[in-house]
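Everything below belongs to coords_4.pdb, which stores PDB, C-alpha atoms.
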ATOM      1  CA  LYS F   1     -83.546   2.990 -44.195
ATOM      2  CA  ARG F   2     -81.933   0.791 -46.848
ATOM      3  CA  TYR F   3     -84.986   0.651 -49.102
ATOM      4  CA  GLY F   4     -86.210   4.138 -48.252
ATOM      5  CA  ALA F   5     -87.385   6.498 -50.942
ATOM      6  CA  GLY F   6     -85.886   9.399 -49.035
ATOM      7  CA  ASN F   7     -89.149  10.531 -47.456
ATOM      8  CA  GLY F   8     -89.362   7.872 -44.775
ATOM      9  CA  LYS F   9     -91.787   5.703 -46.764
ATOM     10  CA  ARG F  10     -90.812   2.352 -48.197
ATOM     11  CA  CYS F  11     -90.793   2.334 -51.958
ATOM     12  CA  ILE F  12     -92.661  -0.637 -53.364
ATOM     13  CA  ILE F  13     -91.417  -1.989 -56.671
ATOM     14  CA  LYS F  14     -94.453  -2.600 -58.870
ATOM     15  CA  ASP F  15     -95.071  -5.743 -60.941
ATOM     16  CA  LYS F  16     -92.174  -7.775 -59.578
ATOM     17  CA  VAL F  17     -91.806 -11.343 -60.840
ATOM     18  CA  SER F  18     -90.437 -13.673 -58.167
ATOM     19  CA  ILE F  19     -87.391 -15.850 -58.705
ATOM     20  CA  ASP F  20     -89.816 -18.701 -57.954
ATOM     21  CA  GLN F  21     -91.214 -18.149 -61.472
ATOM     22  CA  ARG F  22     -87.790 -18.533 -63.081
ATOM     23  CA  PRO F  23     -87.562 -21.544 -65.435
ATOM     24  CA  GLU F  24     -85.293 -24.466 -64.562
ATOM     25  CA  CYS F  25     -83.021 -23.765 -67.562
ATOM     26  CA  ILE F  26     -81.987 -20.532 -65.808
ATOM     27  CA  ASN F  27     -81.680 -22.114 -62.369
ATOM     28  CA  ASN F  28     -79.514 -24.917 -63.806
ATOM     29  CA  LYS F  29     -77.341 -22.594 -65.914
ATOM     30  CA  GLN F  30     -78.210 -24.528 -69.073
ATOM     31  CA  ARG F  31     -77.705 -21.610 -71.457
ATOM     32  CA  VAL F  32     -75.713 -18.429 -71.880
ATOM     33  CA  GLY F  33     -77.780 -15.256 -71.582
ATOM     34  CA  ASP F  34     -79.131 -15.250 -68.042
ATOM     35  CA  TRP F  35     -77.723 -12.448 -65.891
ATOM     36  CA  GLU F  36     -77.540 -11.321 -62.260
ATOM     37  CA  ILE F  37     -77.447  -7.638 -61.371
ATOM     38  CA  ASP F  38     -76.502  -5.668 -58.256
ATOM     39  CA  THR F  39     -75.004  -2.392 -57.084
ATOM     40  CA  ILE F  40     -71.985  -1.500 -54.989
ATOM     41  CA  VAL F  41     -72.194   1.798 -53.097
ATOM     42  CA  GLY F  42     -69.387   4.194 -52.334
ATOM     43  CA  LYS F  43     -68.215   5.820 -49.121
ATOM     44  CA  ASP F  44     -71.068   7.319 -47.074
ATOM     45  CA  ASN F  45     -73.545   5.743 -49.550
ATOM     46  CA  LYS F  46     -72.499   8.301 -52.173
ATOM     47  CA  GLY F  47     -72.282   7.094 -55.752
ATOM     48  CA  ALA F  48     -72.842   3.567 -56.975
ATOM     49  CA  ILE F  49     -71.548   1.019 -59.429
ATOM     50  CA  VAL F  50     -73.905  -1.348 -61.220
ATOM     51  CA  THR F  51     -72.504  -4.852 -61.693
ATOM     52  CA  ILE F  52     -73.983  -7.355 -64.125
ATOM     53  CA  ALA F  53     -72.707 -10.940 -64.351
ATOM     54  CA  GLU F  54     -73.718 -13.622 -66.848
ATOM     55  CA  ARG F  55     -74.578 -16.773 -64.870
ATOM     56  CA  THR F  56     -72.948 -19.446 -67.046
ATOM     57  CA  THR F  57     -69.754 -17.709 -68.193
ATOM     58  CA  ALA F  58     -69.191 -15.192 -65.340
ATOM     59  CA  PHE F  59     -68.754 -12.485 -68.006
ATOM     60  CA  VAL F  60     -69.120  -9.135 -66.263
ATOM     61  CA  LEU F  61     -70.309  -5.657 -67.225
ATOM     62  CA  ILE F  62     -69.836  -2.701 -64.867
ATOM     63  CA  ALA F  63     -70.793   0.995 -64.974
ATOM     64  CA  LYS F  64     -70.316   3.863 -62.557
ATOM     65  CA  LEU F  65     -73.479   5.741 -61.568
ATOM     66  CA  ASN F  66     -73.929   9.025 -59.723
ATOM     67  CA  GLY F  67     -76.216   7.346 -57.188
ATOM     68  CA  LYS F  68     -78.717   4.522 -56.800
ATOM     69  CA  ASN F  69     -81.323   6.368 -58.869
ATOM     70  CA  ALA F  70     -83.613   3.888 -60.685
ATOM     71  CA  GLN F  71     -83.795   5.924 -63.918
ATOM     72  CA  GLU F  72     -80.018   6.378 -64.195
ATOM     73  CA  LEU F  73     -79.426   2.700 -63.391
ATOM     74  CA  ALA F  74     -81.979   1.543 -65.989
ATOM     75  CA  GLU F  75     -80.422   3.691 -68.718
ATOM     76  CA  ALA F  76     -76.898   2.520 -67.815
ATOM     77  CA  VAL F  77     -77.959  -1.154 -67.833
ATOM     78  CA  VAL F  78     -79.590  -0.839 -71.247
ATOM     79  CA  LYS F  79     -76.537   0.977 -72.637
ATOM     80  CA  LEU F  80     -74.196  -1.738 -71.271
ATOM     81  CA  MET F  81     -76.284  -4.698 -72.398
ATOM     82  CA  ILE F  82     -77.776  -3.584 -75.735
ATOM     83  CA  PRO F  83     -74.685  -4.661 -77.737
ATOM     84  CA  PHE F  84     -75.228  -8.197 -76.380
ATOM     85  CA  LYS F  85     -79.036  -8.149 -76.677
ATOM     86  CA  GLU F  86     -79.123 -11.512 -78.495
ATOM     87  CA  LEU F  87     -77.677 -13.077 -75.328
ATOM     88  CA  VAL F  88     -79.869 -11.330 -72.770
ATOM     89  CA  PHE F  89     -82.762 -13.639 -71.911
ATOM     90  CA  SER F  90     -83.222 -12.870 -68.228
ATOM     91  CA  ILE F  91     -81.940 -10.659 -65.420
ATOM     92  CA  THR F  92     -82.244 -11.431 -61.703
ATOM     93  CA  ALA F  93     -81.958  -8.641 -59.129
ATOM     94  CA  ASP F  94     -82.349  -8.137 -55.402
ATOM     95  CA  ASN F  95     -85.158  -5.947 -54.050
ATOM     96  CA  GLY F  96     -83.290  -2.643 -54.010
ATOM     97  CA  THR F  97     -85.397   0.294 -55.193
ATOM     98  CA  GLU F  98     -82.709   1.087 -57.754
ATOM     99  CA  PHE F  99     -84.334  -1.723 -59.797
ATOM    100  CA  ALA F 100     -87.780  -0.070 -59.760
ATOM    101  CA  MET F 101     -87.540   0.546 -63.530
ATOM    102  CA  HIS F 102     -87.157  -3.168 -64.275
ATOM    103  CA  LYS F 103     -89.989  -3.040 -66.822
ATOM    104  CA  TYR F 104     -88.102  -0.410 -68.852
ATOM    105  CA  ILE F 105     -84.959  -2.586 -68.831
ATOM    106  CA  SER F 106     -86.999  -5.672 -69.682
ATOM    107  CA  LYS F 107     -88.749  -3.972 -72.615
ATOM    108  CA  LYS F 108     -85.595  -2.392 -74.083
ATOM    109  CA  LEU F 109     -83.624  -5.653 -73.922
ATOM    110  CA  GLY F 110     -86.483  -8.070 -74.597
ATOM    111  CA  ALA F 111     -85.557  -9.937 -71.406
ATOM    112  CA  LEU F 112     -87.460 -11.363 -68.463
ATOM    113  CA  PHE F 113     -86.706  -9.716 -65.107
ATOM    114  CA  TYR F 114     -86.844 -11.640 -61.827
ATOM    115  CA  PHE F 115     -86.433 -10.614 -58.203
ATOM    116  CA  ALA F 116     -84.741 -12.768 -55.565
ATOM    117  CA  HIS F 117     -86.363 -13.194 -52.171
ATOM    118  CA  PRO F 118     -85.546 -10.402 -49.675
ATOM    119  CA  TYR F 119     -82.322 -10.995 -47.728
ATOM    120  CA  SER F 120     -81.456 -14.054 -49.876
ATOM    121  CA  SER F 121     -78.196 -12.970 -51.504
ATOM    122  CA  TRP F 122     -77.229 -16.604 -52.197
ATOM    123  CA  GLU F 123     -79.949 -16.655 -54.884
ATOM    124  CA  ARG F 124     -77.645 -14.354 -56.863
ATOM    125  CA  GLY F 125     -74.438 -15.969 -55.700
ATOM    126  CA  LEU F 126     -72.364 -15.269 -58.791
ATOM    127  CA  ASN F 127     -73.111 -11.557 -58.566
ATOM    128  CA  GLU F 128     -72.177 -11.471 -54.880
ATOM    129  CA  TYR F 129     -68.908 -13.268 -55.722
ATOM    130  CA  THR F 130     -68.269 -10.851 -58.603
ATOM    131  CA  ASN F 131     -68.785  -7.896 -56.257
ATOM    132  CA  ARG F 132     -66.184  -9.378 -53.908
ATOM    133  CA  LEU F 133     -63.733  -9.588 -56.832
ATOM    134  CA  ILE F 134     -64.469  -5.950 -57.716
ATOM    135  CA  ARG F 135     -63.762  -4.996 -54.093
ATOM    136  CA  GLN F 136     -60.152  -6.136 -54.695
ATOM    137  CA  TYR F 137     -59.872  -3.085 -56.947
ATOM    138  CA  ILE F 138     -62.359  -0.788 -55.200
ATOM    139  CA  PRO F 139     -62.246  -1.494 -51.437
ATOM    140  CA  LYS F 140     -65.177  -0.673 -49.161
ATOM    141  CA  LYS F 141     -65.252   2.962 -47.988
ATOM    142  CA  THR F 142     -63.711   4.120 -51.289
ATOM    143  CA  ASP F 143     -64.921   7.547 -52.358
ATOM    144  CA  PHE F 144     -66.380   6.906 -55.805
ATOM    145  CA  LYS F 145     -65.605  10.433 -56.979
ATOM    146  CA  ASP F 146     -62.005   9.163 -57.217
ATOM    147  CA  ILE F 147     -63.081   6.327 -59.576
ATOM    148  CA  ASN F 148     -63.269   7.188 -63.270
ATOM    149  CA  HIS F 149     -64.810   5.310 -66.206
ATOM    150  CA  LEU F 150     -61.390   4.327 -67.533
ATOM    151  CA  TYR F 151     -60.596   2.550 -64.261
ATOM    152  CA  ILE F 152     -63.983   0.792 -64.375
ATOM    153  CA  ARG F 153     -63.185  -0.417 -67.905
ATOM    154  CA  GLU F 154     -59.801  -1.672 -66.691
ATOM    155  CA  ILE F 155     -61.501  -3.701 -63.930
ATOM    156  CA  VAL F 156     -63.945  -5.191 -66.449
ATOM    157  CA  MET F 157     -61.041  -6.229 -68.694
ATOM    158  CA  LYS F 158     -59.136  -7.807 -65.786
ATOM    159  CA  LEU F 159     -62.156  -9.763 -64.523
ATOM    160  CA  ASN F 160     -63.162 -10.964 -67.989
ATOM    161  CA  ARG F 161     -59.574 -12.082 -68.677
ATOM    162  CA  ARG F 162     -59.151 -13.924 -65.360
ATOM    163  CA  PRO F 163     -59.141 -17.715 -65.939
ATOM    164  CA  ARG F 164     -61.828 -19.542 -63.952
ATOM    165  CA  LYS F 165     -61.677 -23.096 -62.676
ATOM    166  CA  ASN F 166     -65.378 -23.661 -63.439
ATOM    167  CA  LEU F 167     -64.679 -22.682 -67.075
ATOM    168  CA  ASN F 168     -61.841 -25.231 -67.391
ATOM    169  CA  TYR F 169     -59.408 -22.343 -66.886
ATOM    170  CA  ASN F 170     -60.785 -20.429 -69.837
ATOM    171  CA  THR F 171     -61.648 -16.782 -69.313
ATOM    172  CA  PRO F 172     -65.195 -15.418 -68.984
ATOM    173  CA  GLY F 173     -64.542 -13.098 -71.925
ATOM    174  CA  LYS F 174     -63.459 -15.910 -74.243
ATOM    175  CA  VAL F 175     -66.308 -18.253 -73.288
ATOM    176  CA  PHE F 176     -68.971 -15.527 -73.492
ATOM    177  CA  LEU F 177     -67.719 -14.085 -76.777
ATOM    178  CA  ASN F 178     -67.529 -17.569 -78.338
ATOM    179  CA  ASN F 179     -71.207 -18.020 -77.453
ATOM    180  CA  PHE F 180     -72.027 -14.504 -78.657
ATOM    181  CA  GLU F 181     -70.342 -15.021 -82.045
ATOM    182  CA  ASN F 182     -71.981 -18.432 -82.510
ATOM    183  CA  ASN F 183     -75.436 -17.192 -81.608
TER
END
Show the structure stored in the file as structure tokens.
Amino acid sequence: KRYGAGNGKRCIIKDKVSIDQRPECINNKQRVGDWEIDTIVGKDNKGAIVTIAERTTAFVLIAKLNGKNAQELAEAVVKLMIPFKELVFSITADNGTEFAMHKYISKKLGALFYFAHPYSSWERGLNEYTNRLIRQYIPKKTDFKDINHLYIREIVMKLNRRPRKNLNYNTPGKVFLNNFENN
């Protein structure tokens, strides 16, 4: 019932653009501004956290949601990403129905929105890795009602200040913000 709309019927996401249509510059991480998006769910599938990771710098944005509601997720994503709009060219998601309002997100941010193949989490590998890092702070089976926005912000700061080998031991925050300021 993972993709269920609650009434037993599968919810079909309209007008999806396949990851197969994604340009090589995104696939090869040739620019800053291409993002991967996912959600982490709380204990008993109650509550959710949206996680957004920039593919080249590993810069991360996170927001707590009440649930995996597509409207709430879309509004939260736009609110998180609008300050960085100049560096939002594309977003790649899995096929969860929480991304059903992808056209709204795409329009508000002026970004292309792609969907990975079903059950192909490696196509959004950075986001899966980022979610594992977040799970160091919010373990599985955590009741999300105990997680506040201040704690989420603290996690974002820690992850964006964590030096990464693939960034020559620079931090995602420093590398992303250098690109943002020079854009």
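Remark: for F:Arg135, the closest of the candidate residues F:Trp35, F:Gly110, F:Ile12, F:Ile152 is F:Ile152 (distances computed over all atoms listed in the file).
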Residues selected by the PyMOL selection byres ((chain F and resi 119) around 12), written as an mmCIF file with C-alpha atoms, in the frame of the given file:
data_model
loop_
_atom_site.group_PDB
_atom_site.id
_atom_site.type_symbol
_atom_site.label_atom_id
_atom_site.label_comp_id
_atom_site.auth_asym_id
_atom_site.auth_seq_id
_atom_site.Cartn_x
_atom_site.Cartn_y
_atom_site.Cartn_z
ATOM 1 C CA ARG F 2 -81.933 0.791 -46.848
ATOM 2 C CA ALA F 93 -81.958 -8.641 -59.129
ATOM 3 C CA ASP F 94 -82.349 -8.137 -55.402
ATOM 4 C CA ASN F 95 -85.158 -5.947 -54.050
ATOM 5 C CA GLY F 96 -83.290 -2.643 -54.010
ATOM 6 C CA PHE F 115 -86.433 -10.614 -58.203
ATOM 7 C CA ALA F 116 -84.741 -12.768 -55.565
ATOM 8 C CA HIS F 117 -86.363 -13.194 -52.171
ATOM 9 C CA PRO F 118 -85.546 -10.402 -49.675
ATOM 10 C CA SER F 120 -81.456 -14.054 -49.876
ATOM 11 C CA SER F 121 -78.196 -12.970 -51.504
ATOM 12 C CA TRP F 122 -77.229 -16.604 -52.197
ATOM 13 C CA GLU F 123 -79.949 -16.655 -54.884
ATOM 14 C CA ARG F 124 -77.645 -14.354 -56.863
#
Residue neighbourhood F:Phe176, 10 Å, only C-alpha atoms, exclusion window fewer than 5 positions, as a tab-separated table (two decimals) with C-alpha atoms, in the coordinates of the input:
chain	number	residue	atom	x	y	z
F	32	VAL	CA	-75.71	-18.43	-71.88
F	33	GLY	CA	-77.78	-15.26	-71.58
F	54	GLU	CA	-73.72	-13.62	-66.85
F	56	THR	CA	-72.95	-19.45	-67.05
F	57	THR	CA	-69.75	-17.71	-68.19
F	58	ALA	CA	-69.19	-15.19	-65.34
F	59	PHE	CA	-68.75	-12.48	-68.01
F	60	VAL	CA	-69.12	-9.14	-66.26
F	87	LEU	CA	-77.68	-13.08	-75.33
F	160	ASN	CA	-63.16	-10.96	-67.99
F	171	THR	CA	-61.65	-16.78	-69.31
F	181	GLU	CA	-70.34	-15.02	-82.04
F	182	ASN	CA	-71.98	-18.43	-82.51
Explicit residues for the PyMOL selection byres ((chain F and resi 106) around 12) (as a PyMOL selection string)
chain F and resi 15-17+74-75+77-78+81-82+85+88-92+99-105+107-114
Padding 4 Å on each side, edges along x, y and z: where is the centre of the box around the listed atoms of stretch 54-60 of chain F, and how long are its edges in Å to one decimal? Output it as JSON.
{"center_x": -71.7, "center_y": -14.3, "center_z": -66.5, "size_x": 13.8, "size_y": 18.3, "size_z": 11.3}
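As for atom CA of F:Glu72 and atom CA of F:Leu150, they are spaced 19.0 Å apart.
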Rebuild stretch 113-137 of chain F to N, CA, C and O atoms - output it as a PDB file, in the coordinates of the input, please.
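See selection_16.pdb below for the written result:
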ATOM      1  N   PHE F 113     -87.369 -10.302 -66.267  1.00  0.00           N
ATOM      2  CA  PHE F 113     -86.706  -9.716 -65.107  1.00  0.00           C
ATOM      3  C   PHE F 113     -87.289 -10.359 -63.855  1.00  0.00           C
ATOM      4  O   PHE F 113     -88.501 -10.336 -63.656  1.00  0.00           O
ATOM      5  N   TYR F 114     -86.416 -10.953 -63.039  1.00  0.00           N
ATOM      6  CA  TYR F 114     -86.844 -11.640 -61.827  1.00  0.00           C
ATOM      7  C   TYR F 114     -86.233 -10.974 -60.601  1.00  0.00           C
ATOM      8  O   TYR F 114     -85.163 -10.380 -60.675  1.00  0.00           O
ATOM      9  N   PHE F 115     -86.925 -11.135 -59.471  1.00  0.00           N
ATOM     10  CA  PHE F 115     -86.433 -10.614 -58.203  1.00  0.00           C
ATOM     11  C   PHE F 115     -86.226 -11.756 -57.220  1.00  0.00           C
ATOM     12  O   PHE F 115     -87.120 -12.594 -57.043  1.00  0.00           O
ATOM     13  N   ALA F 116     -85.044 -11.779 -56.604  1.00  0.00           N
ATOM     14  CA  ALA F 116     -84.741 -12.768 -55.565  1.00  0.00           C
ATOM     15  C   ALA F 116     -85.594 -12.466 -54.335  1.00  0.00           C
ATOM     16  O   ALA F 116     -86.159 -11.379 -54.203  1.00  0.00           O
ATOM     17  N   HIS F 117     -85.666 -13.420 -53.425  1.00  0.00           N
ATOM     18  CA  HIS F 117     -86.363 -13.194 -52.171  1.00  0.00           C
ATOM     19  C   HIS F 117     -85.578 -12.179 -51.333  1.00  0.00           C
ATOM     20  O   HIS F 117     -84.348 -12.151 -51.402  1.00  0.00           O
ATOM     21  N   PRO F 118     -86.260 -11.358 -50.525  1.00  0.00           N
ATOM     22  CA  PRO F 118     -85.546 -10.402 -49.675  1.00  0.00           C
ATOM     23  C   PRO F 118     -84.541 -11.112 -48.762  1.00  0.00           C
ATOM     24  O   PRO F 118     -84.822 -12.203 -48.255  1.00  0.00           O
ATOM     25  N   TYR F 119     -83.393 -10.499 -48.608  1.00  0.00           N
ATOM     26  CA  TYR F 119     -82.322 -10.995 -47.728  1.00  0.00           C
ATOM     27  C   TYR F 119     -81.875 -12.412 -48.101  1.00  0.00           C
ATOM     28  O   TYR F 119     -81.545 -13.206 -47.229  1.00  0.00           O
ATOM     29  N   SER F 120     -81.866 -12.721 -49.396  1.00  0.00           N
ATOM     30  CA  SER F 120     -81.456 -14.054 -49.876  1.00  0.00           C
ATOM     31  C   SER F 120     -80.376 -13.894 -50.939  1.00  0.00           C
ATOM     32  O   SER F 120     -80.548 -14.292 -52.087  1.00  0.00           O
ATOM     33  N   SER F 121     -79.254 -13.294 -50.537  1.00  0.00           N
ATOM     34  CA  SER F 121     -78.196 -12.970 -51.504  1.00  0.00           C
ATOM     35  C   SER F 121     -77.642 -14.206 -52.206  1.00  0.00           C
ATOM     36  O   SER F 121     -77.150 -14.114 -53.326  1.00  0.00           O
ATOM     37  N   TRP F 122     -77.747 -15.383 -51.562  1.00  0.00           N
ATOM     38  CA  TRP F 122     -77.229 -16.604 -52.197  1.00  0.00           C
ATOM     39  C   TRP F 122     -77.989 -16.937 -53.488  1.00  0.00           C
ATOM     40  O   TRP F 122     -77.482 -17.667 -54.322  1.00  0.00           O
ATOM     41  N   GLU F 123     -79.192 -16.395 -53.656  1.00  0.00           N
ATOM     42  CA  GLU F 123     -79.949 -16.655 -54.884  1.00  0.00           C
ATOM     43  C   GLU F 123     -79.319 -15.950 -56.090  1.00  0.00           C
ATOM     44  O   GLU F 123     -79.655 -16.253 -57.227  1.00  0.00           O
ATOM     45  N   ARG F 124     -78.428 -15.022 -55.818  1.00  0.00           N
ATOM     46  CA  ARG F 124     -77.645 -14.354 -56.863  1.00  0.00           C
ATOM     47  C   ARG F 124     -76.171 -14.489 -56.494  1.00  0.00           C
ATOM     48  O   ARG F 124     -75.430 -13.516 -56.447  1.00  0.00           O
ATOM     49  N   GLY F 125     -75.769 -15.699 -56.232  1.00  0.00           N
ATOM     50  CA  GLY F 125     -74.438 -15.969 -55.700  1.00  0.00           C
ATOM     51  C   GLY F 125     -73.292 -15.508 -56.575  1.00  0.00           C
ATOM     52  O   GLY F 125     -72.289 -14.998 -56.080  1.00  0.00           O
ATOM     53  N   LEU F 126     -73.438 -15.687 -57.885  1.00  0.00           N
ATOM     54  CA  LEU F 126     -72.364 -15.269 -58.791  1.00  0.00           C
ATOM     55  C   LEU F 126     -72.148 -13.768 -58.692  1.00  0.00           C
ATOM     56  O   LEU F 126     -71.009 -13.298 -58.657  1.00  0.00           O
ATOM     57  N   ASN F 127     -73.243 -13.007 -58.636  1.00  0.00           N
ATOM     58  CA  ASN F 127     -73.111 -11.557 -58.566  1.00  0.00           C
ATOM     59  C   ASN F 127     -72.464 -11.117 -57.260  1.00  0.00           C
ATOM     60  O   ASN F 127     -71.634 -10.211 -57.245  1.00  0.00           O
ATOM     61  N   GLU F 128     -72.809 -11.784 -56.166  1.00  0.00           N
ATOM     62  CA  GLU F 128     -72.177 -11.471 -54.880  1.00  0.00           C
ATOM     63  C   GLU F 128     -70.673 -11.775 -54.943  1.00  0.00           C
ATOM     64  O   GLU F 128     -69.854 -10.992 -54.467  1.00  0.00           O
ATOM     65  N   TYR F 129     -70.314 -12.900 -55.558  1.00  0.00           N
ATOM     66  CA  TYR F 129     -68.908 -13.268 -55.722  1.00  0.00           C
ATOM     67  C   TYR F 129     -68.193 -12.241 -56.610  1.00  0.00           C
ATOM     68  O   TYR F 129     -67.076 -11.809 -56.300  1.00  0.00           O
ATOM     69  N   THR F 130     -68.842 -11.847 -57.685  1.00  0.00           N
ATOM     70  CA  THR F 130     -68.269 -10.851 -58.603  1.00  0.00           C
ATOM     71  C   THR F 130     -68.017  -9.538 -57.865  1.00  0.00           C
ATOM     72  O   THR F 130     -66.972  -8.917 -58.030  1.00  0.00           O
ATOM     73  N   ASN F 131     -68.968  -9.127 -57.023  1.00  0.00           N
ATOM     74  CA  ASN F 131     -68.785  -7.896 -56.257  1.00  0.00           C
ATOM     75  C   ASN F 131     -67.583  -8.001 -55.317  1.00  0.00           C
ATOM     76  O   ASN F 131     -66.852  -7.032 -55.127  1.00  0.00           O
ATOM     77  N   ARG F 132     -67.370  -9.181 -54.759  1.00  0.00           N
ATOM     78  CA  ARG F 132     -66.184  -9.378 -53.908  1.00  0.00           C
ATOM     79  C   ARG F 132     -64.902  -9.238 -54.736  1.00  0.00           C
ATOM     80  O   ARG F 132     -63.916  -8.672 -54.252  1.00  0.00           O
ATOM     81  N   LEU F 133     -64.904  -9.749 -55.954  1.00  0.00           N
ATOM     82  CA  LEU F 133     -63.733  -9.588 -56.832  1.00  0.00           C
ATOM     83  C   LEU F 133     -63.506  -8.110 -57.151  1.00  0.00           C
ATOM     84  O   LEU F 133     -62.368  -7.638 -57.138  1.00  0.00           O
ATOM     85  N   ILE F 134     -64.574  -7.381 -57.413  1.00  0.00           N
ATOM     86  CA  ILE F 134     -64.469  -5.950 -57.716  1.00  0.00           C
ATOM     87  C   ILE F 134     -63.902  -5.198 -56.514  1.00  0.00           C
ATOM     88  O   ILE F 134     -63.107  -4.266 -56.670  1.00  0.00           O
ATOM     89  N   ARG F 135     -64.264  -5.641 -55.310  1.00  0.00           N
ATOM     90  CA  ARG F 135     -63.762  -4.996 -54.093  1.00  0.00           C
ATOM     91  C   ARG F 135     -62.245  -5.159 -53.929  1.00  0.00           C
ATOM     92  O   ARG F 135     -61.631  -4.443 -53.146  1.00  0.00           O
ATOM     93  N   GLN F 136     -61.617  -6.064 -54.695  1.00  0.00           N
ATOM     94  CA  GLN F 136     -60.152  -6.136 -54.695  1.00  0.00           C
ATOM     95  C   GLN F 136     -59.567  -4.883 -55.340  1.00  0.00           C
ATOM     96  O   GLN F 136     -58.451  -4.475 -55.023  1.00  0.00           O
ATOM     97  N   TYR F 137     -60.321  -4.285 -56.241  1.00  0.00           N
ATOM     98  CA  TYR F 137     -59.872  -3.085 -56.947  1.00  0.00           C
ATOM     99  C   TYR F 137     -60.469  -1.805 -56.350  1.00  0.00           C
ATOM    100  O   TYR F 137     -59.871  -0.740 -56.439  1.00  0.00           O
TER     101      TYR F 137
END
